[in-house]
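Structure file entry_22.pdb (PDB, C-alpha atoms) follows.
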MODEL        1
ATOM      1  CA  MET A   1       5.749   3.152   1.779
ATOM      2  CA  ARG A   2       8.748   2.451  -0.404
ATOM      3  CA  SER A   3      10.507  -0.572   1.049
ATOM      4  CA  HIS A   4      14.164   0.441   1.019
ATOM      5  CA  ARG A   5      14.175   4.220   1.362
ATOM      6  CA  GLU A   6      11.206   4.547   3.688
ATOM      7  CA  ALA A   7      10.168   1.353   5.456
ATOM      8  CA  LEU A   8      13.515  -0.259   6.224
ATOM      9  CA  VAL A   9      14.903   2.942   7.779
ATOM     10  CA  LEU A  10      11.719   3.550   9.768
ATOM     11  CA  ARG A  11      12.354   4.340  13.425
ATOM     12  CA  TRP A  12       9.971   3.663  16.270
ATOM     13  CA  ASP A  13       9.907   7.348  17.180
ATOM     14  CA  ALA A  14       8.466   8.136  13.719
ATOM     15  CA  ILE A  15       5.312   6.169  14.541
ATOM     16  CA  ASP A  16       2.565   8.078  16.299
ATOM     17  CA  PHE A  17       0.329   5.414  17.812
ATOM     18  CA  VAL A  18      -1.975   8.071  19.320
ATOM     19  CA  SER A  19      -2.680  10.001  16.112
ATOM     20  CA  ASN A  20      -2.303   6.874  13.944
ATOM     21  CA  PHE A  21       0.255   8.043  11.430
ATOM     22  CA  ILE A  22       3.827   7.318  10.398
ATOM     23  CA  ARG A  23       6.186  10.211   9.702
ATOM     24  CA  VAL A  24       8.301   9.400   6.652
ATOM     25  CA  ARG A  25      11.518  11.351   7.166
ATOM     26  CA  GLU A  26      13.655   9.865   4.391
ATOM     27  CA  SER A  27      12.436   9.236   0.879
ATOM     28  CA  LYS A  28      13.324   9.034  -2.782
ATOM     29  CA  THR A  29      11.729  12.440  -3.443
ATOM     30  CA  ARG A  30      10.775  15.573  -1.539
ATOM     31  CA  ALA A  31       7.110  14.665  -2.035
ATOM     32  CA  GLY A  32       7.911  11.414  -0.243
ATOM     33  CA  ILE A  33       8.527  13.243   3.028
ATOM     34  CA  ARG A  34       5.050  12.949   4.501
ATOM     35  CA  ASN A  35       2.754  11.617   7.203
ATOM     36  CA  VAL A  36       1.184   8.304   6.246
ATOM     37  CA  PRO A  37      -2.112   7.449   7.969
ATOM     38  CA  MET A  38      -2.095   4.046   9.659
ATOM     39  CA  SER A  39      -4.949   1.605   9.380
ATOM     40  CA  MET A  40      -5.994  -0.155  12.575
ATOM     41  CA  ARG A  41      -4.611  -3.384  11.123
ATOM     42  CA  CYS A  42      -1.230  -1.737  10.560
ATOM     43  CA  LYS A  43      -1.247  -0.223  14.044
ATOM     44  CA  THR A  44      -2.128  -3.543  15.669
ATOM     45  CA  THR A  45       0.609  -5.352  13.751
ATOM     46  CA  LEU A  46       3.248  -2.743  14.586
ATOM     47  CA  LEU A  47       2.302  -2.814  18.265
ATOM     48  CA  TRP A  48       2.529  -6.624  18.234
ATOM     49  CA  TRP A  49       5.927  -6.448  16.488
ATOM     50  CA  ARG A  50       7.235  -3.924  19.034
ATOM     51  CA  THR A  51       6.106  -6.218  21.848
ATOM     52  CA  MET A  52       7.758  -9.232  20.174
ATOM     53  CA  ILE A  53      11.188  -7.649  19.665
ATOM     54  CA  GLY A  54      11.061  -5.176  22.530
ATOM     55  CA  PRO A  55      11.419  -1.430  21.996
ATOM     56  CA  GLU A  56      14.866  -1.462  23.593
ATOM     57  CA  PHE A  57      16.228  -3.883  20.967
ATOM     58  CA  SER A  58      16.663  -1.200  18.330
ATOM     59  CA  PRO A  59      15.522   2.286  17.388
ATOM     60  CA  PHE A  60      14.579   0.778  14.005
ATOM     61  CA  VAL A  61      11.323  -1.030  13.324
ATOM     62  CA  PHE A  62      13.189  -3.375  10.960
ATOM     63  CA  ALA A  63      16.551  -3.704  12.658
ATOM     64  CA  ASN A  64      19.598  -5.553  11.442
ATOM     65  CA  ARG A  65      19.642  -8.616  13.705
ATOM     66  CA  ARG A  66      23.450  -8.709  13.951
ATOM     67  CA  THR A  67      23.791  -4.955  14.478
ATOM     68  CA  PRO A  68      20.517  -3.682  15.985
ATOM     69  CA  ALA A  69      21.768  -0.081  15.967
ATOM     70  CA  ARG A  70      21.451  -0.215  12.172
ATOM     71  CA  PRO A  71      18.412  -0.890   9.958
ATOM     72  CA  MET A  72      18.034  -3.894   7.702
ATOM     73  CA  LYS A  73      19.585  -3.200   4.321
ATOM     74  CA  ASP A  74      17.830  -5.720   2.147
ATOM     75  CA  ILE A  75      14.795  -7.958   2.368
ATOM     76  CA  ARG A  76      14.970  -9.868  -0.900
ATOM     77  CA  HIS A  77      15.805 -13.200   0.719
ATOM     78  CA  SER A  78      13.376 -12.857   3.625
ATOM     79  CA  TRP A  79      10.637 -11.667   1.224
ATOM     80  CA  ALA A  80      11.169 -14.675  -1.052
ATOM     81  CA  LYS A  81      11.153 -16.993   1.981
ATOM     82  CA  ALA A  82       7.959 -15.434   3.379
ATOM     83  CA  LEU A  83       6.188 -15.900   0.042
ATOM     84  CA  GLU A  84       7.412 -19.486  -0.217
ATOM     85  CA  ASP A  85       6.284 -20.255   3.342
ATOM     86  CA  ALA A  86       2.872 -18.778   2.546
ATOM     87  CA  GLY A  87       2.608 -20.900  -0.608
ATOM     88  CA  LEU A  88       2.507 -17.827  -2.854
ATOM     89  CA  GLU A  89       4.160 -17.384  -6.214
ATOM     90  CA  TYR A  90       7.059 -14.926  -6.113
ATOM     91  CA  PHE A  91       6.340 -11.278  -6.906
ATOM     92  CA  TRP A  92       8.266  -8.066  -6.344
ATOM     93  CA  ILE A  93       7.551  -6.454  -2.993
ATOM     94  CA  HIS A  94       7.172  -3.138  -4.848
ATOM     95  CA  ASN A  95       4.017  -4.588  -6.429
ATOM     96  CA  LEU A  96       2.335  -4.056  -3.059
ATOM     97  CA  ARG A  97       2.458  -0.305  -3.745
ATOM     98  CA  HIS A  98       0.600  -0.949  -6.999
ATOM     99  CA  THR A  99      -1.987  -3.032  -5.152
ATOM    100  CA  PHE A 100      -2.435  -0.406  -2.446
ATOM    101  CA  ALA A 101      -2.872   2.433  -4.948
ATOM    102  CA  SER A 102      -5.298   0.383  -7.028
ATOM    103  CA  ARG A 103      -7.415  -0.587  -4.036
ATOM    104  CA  MET A 104      -7.490   2.960  -2.677
ATOM    105  CA  SER A 105      -8.643   4.239  -6.073
ATOM    106  CA  ALA A 106     -11.219   1.466  -6.346
ATOM    107  CA  ALA A 107     -12.518   2.431  -2.903
ATOM    108  CA  GLY A 108     -13.243   5.889  -4.292
ATOM    109  CA  VAL A 109     -10.281   7.795  -2.837
ATOM    110  CA  SER A 110      -9.300  10.683  -5.131
ATOM    111  CA  ASP A 111      -6.134  10.306  -7.191
ATOM    112  CA  LEU A 112      -4.739  13.403  -5.484
ATOM    113  CA  PHE A 113      -4.997  11.832  -2.022
ATOM    114  CA  VAL A 114      -3.743   8.436  -3.160
ATOM    115  CA  GLY A 115      -0.743  10.163  -4.735
ATOM    116  CA  GLN A 116      -0.042  12.081  -1.539
ATOM    117  CA  ILE A 117      -0.321   8.979   0.639
ATOM    118  CA  ILE A 118       2.127   6.989  -1.501
ATOM    119  CA  GLY A 119       4.487   9.962  -1.736
ATOM    120  CA  HIS A 120       4.112  11.221  -5.294
ATOM    121  CA  LYS A 121       4.149  14.875  -6.267
ATOM    122  CA  THR A 122       1.454  14.523  -8.915
ATOM    123  CA  PRO A 123      -1.437  12.076  -9.180
ATOM    124  CA  GLY A 124      -0.524  11.306 -12.822
ATOM    125  CA  ILE A 125       1.813   8.526 -11.685
ATOM    126  CA  LEU A 126      -1.236   6.576 -10.532
ATOM    127  CA  GLN A 127      -1.891   5.422 -14.083
ATOM    128  CA  LYS A 128       1.160   3.224 -13.598
ATOM    129  CA  TYR A 129      -0.054   1.894 -10.262
ATOM    130  CA  SER A 130      -3.788   1.673 -10.744
ATOM    131  CA  ARG A 131      -4.031  -1.154 -13.265
ATOM    132  CA  ALA A 132      -6.993  -2.706 -11.480
ATOM    133  CA  ILE A 133      -9.042   0.423 -12.025
ATOM    134  CA  ASP A 134      -9.759  -0.697 -15.592
ATOM    135  CA  GLU A 135     -11.551  -3.727 -14.190
ATOM    136  CA  TYR A 136     -13.690  -1.508 -11.957
ATOM    137  CA  ARG A 137     -14.531   0.666 -14.970
ATOM    138  CA  ARG A 138     -15.575  -2.441 -16.904
ATOM    139  CA  ASP A 139     -17.687  -3.430 -13.914
ATOM    140  CA  ALA A 140     -19.347  -0.003 -13.966
ATOM    141  CA  VAL A 141     -20.294  -0.495 -17.626
ATOM    142  CA  ARG A 142     -21.592  -3.991 -16.822
ATOM    143  CA  LYS A 143     -23.814  -2.484 -14.134
ATOM    144  CA  LEU A 144     -25.190  -0.033 -16.669
ATOM    145  CA  GLU A 145     -25.862  -2.892 -19.098
ATOM    146  CA  ASP A 146     -27.580  -4.895 -16.350
ATOM    147  CA  MET A 147     -29.732  -1.905 -15.479
ATOM    148  CA  ARG A 148     -30.711  -1.471 -19.143
ATOM    149  CA  ALA A 149     -31.514  -5.174 -19.459
ATOM    150  CA  GLU A 150     -33.658  -5.050 -16.332
ATOM    151  CA  HIS A 151     -35.423  -1.965 -17.643
ATOM    152  CA  ALA A 152     -35.968  -3.666 -21.018
ATOM    153  CA  GLN A 153     -37.706  -6.594 -19.339
ATOM    154  CA  ARG A 154     -40.096  -4.204 -17.591
ATOM    155  CA  ASP A 155     -40.676  -1.847 -20.553
ATOM    156  CA  PRO A 156     -39.646  -3.459 -23.876
ATOM    157  CA  ILE A 157     -41.167  -0.687 -26.051
ATOM    158  CA  SER A 158     -39.051   2.226 -24.730
ATOM    159  CA  THR A 159     -35.876   0.112 -24.943
ATOM    160  CA  THR A 160     -36.258  -0.410 -28.685
ATOM    161  CA  ILE A 161     -36.611   3.342 -29.204
ATOM    162  CA  ASN A 162     -33.273   4.069 -27.499
TER     163      ASN A 162
ENDMDL
END

Step by step, read the file and then write its structure as structure tokens.
Amino acid sequence: MRSHREALVLRWDAIDFVSNFIRVRESKTRAGIRNVPMSMRCKTTLLWWRTMIGPEFSPFVFANRRTPARPMKDIRHSWAKALEDAGLEYFWIHNLRHTFASRMSAAGVSDLFVGQIIGHKTPGILQKYSRAIDEYRRDAVRKLEDMRAEHAQRDPISTTIN
């Protein structure tokens, strides 16, 4: 989900813990209005968070602490602090969308479905997000080379003909 236009304005009533999806009602684009499937890890974390803050605290998942009736507006400082506390080098939170798209593609999910899940109208945008896919393609070629090398050890004559 996009952090500012989708996640920060997320309301508890947009999360379906039975069907395991999040209804994105506000987005940057029309294609961004969608149902996002939840992983079990996401579901568990959201349920823990709801228990920690209490569902009566705010209708928003990420509420403004001073004015709980409103969502958080910005997370730059808390994001930087969380990374520092975790001992990680700073990176843009938006990079997590790139990571998600790359990992989904690497797991074999079609570009069409990855695009739909992240809220893009066309899968062409994934070229921007899926930088890690090049490494998986290189790995595929390496596997082919390994297979040829293994075959060459077993049958050196046919390998020289190819």

For this session: Would you please work out which residue, of A:Glu89, A:Gln116, A:Trp12, A:Ser110, is nearest to Ile53 in chain A when using all atoms listed in the file?
Result: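 Using all atoms listed in the file, the shortest distance to Ile53 in chain A belongs to A:Trp12.
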
Exercise. From the set A:Leu83, A:Val24, A:Cys42, A:Ala152, which residue has the shortest atom-to-atom contact distance to Arg2 in chain A, counting all atoms listed in the file?
Worked result: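 For Arg2 in chain A, the nearest of the candidates is A:Val24.
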
For this session: Please measure the separation of CA of Ala107 in chain A and CA of Asp16 in chain A, giving the value in Å to one decimal.
Result: 25.1 Å

For this session: Tell me, as a PyMOL selection string, which residues lie within 9 Å of Ile118 in chain A, counting only C-alpha atoms; anything in the same chain fewer than 2 positions away does not count.
Result: chain A and resi 1-2+32+34+36+97+100-101+113-116+120

For this session: Identify, on the basis of all atoms listed in the file, every residue whose closest approach to Ile33 in chain A does not exceed 8 Å; exclude the query and any residue fewer than 3 positions from it along the same chain; express the result as a ChimeraX atom specification.
Result: /A:23-27,29-30,119

Output the selection as a PDB file, in the frame of the given file - C-alpha atoms for each residue.
ATOM      1  CA  ARG A  23       6.186  10.211   9.702  1.00  0.00           C
ATOM      2  CA  VAL A  24       8.301   9.400   6.652  1.00  0.00           C
ATOM      3  CA  ARG A  25      11.518  11.351   7.166  1.00  0.00           C
ATOM      4  CA  GLU A  26      13.655   9.865   4.391  1.00  0.00           C
ATOM      5  CA  SER A  27      12.436   9.236   0.879  1.00  0.00           C
ATOM      6  CA  THR A  29      11.729  12.440  -3.443  1.00  0.00           C
ATOM      7  CA  ARG A  30      10.775  15.573  -1.539  1.00  0.00           C
ATOM      8  CA  GLY A 119       4.487   9.962  -1.736  1.00  0.00           C
TER       9      GLY A 119
END

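Near Tyr90 in chain A, within 9 Å and counting all atoms listed in the file, sit Trp79, Ala80, Leu83 and Glu84 of chain A, not including residues fewer than 4 positions from it in the same chain.
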
Exercise. What is the distance between CA of Trp49 in chain A and CA of His94 in chain A, in Å to one decimal?
Worked result: 21.6 Å

Problem set entry | Nearest residue to Asn95 in chain A from the set A:Ile15, A:Pro59, A:Thr45, A:Ser3 (distances using all atoms listed in the file) |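 Using all atoms listed in the file, the shortest distance to Asn95 in chain A belongs to A:Ser3.
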
Problem set entry | Residue neighbourhood Ala63 in chain A, 10 Å, all atoms listed in the file, exclusion window fewer than 2 positions, as a PyMOL selection string | chain A and resi 8-11+53+57-61+65-73

Exercise. Separation of CA of Ala14 in chain A and CA of Ala31 in chain A, in Å?
Worked result: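 Interatomic distance here is 17.1 Å.
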
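With distances taken over all atoms listed in the file, A:Ile93 is the one residue among A:Val141, A:Met104, A:Ile93, A:Val109 lying closest to His4 in chain A.
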
Exercise. Counting all atoms listed in the file, which of A:Met52, A:Arg76, A:Ala149, A:Ile117 gets nearest to Ile22 in chain A?
Worked result: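 Checking each candidate against Ile22 in chain A, we get A:Ile117 as the closest.
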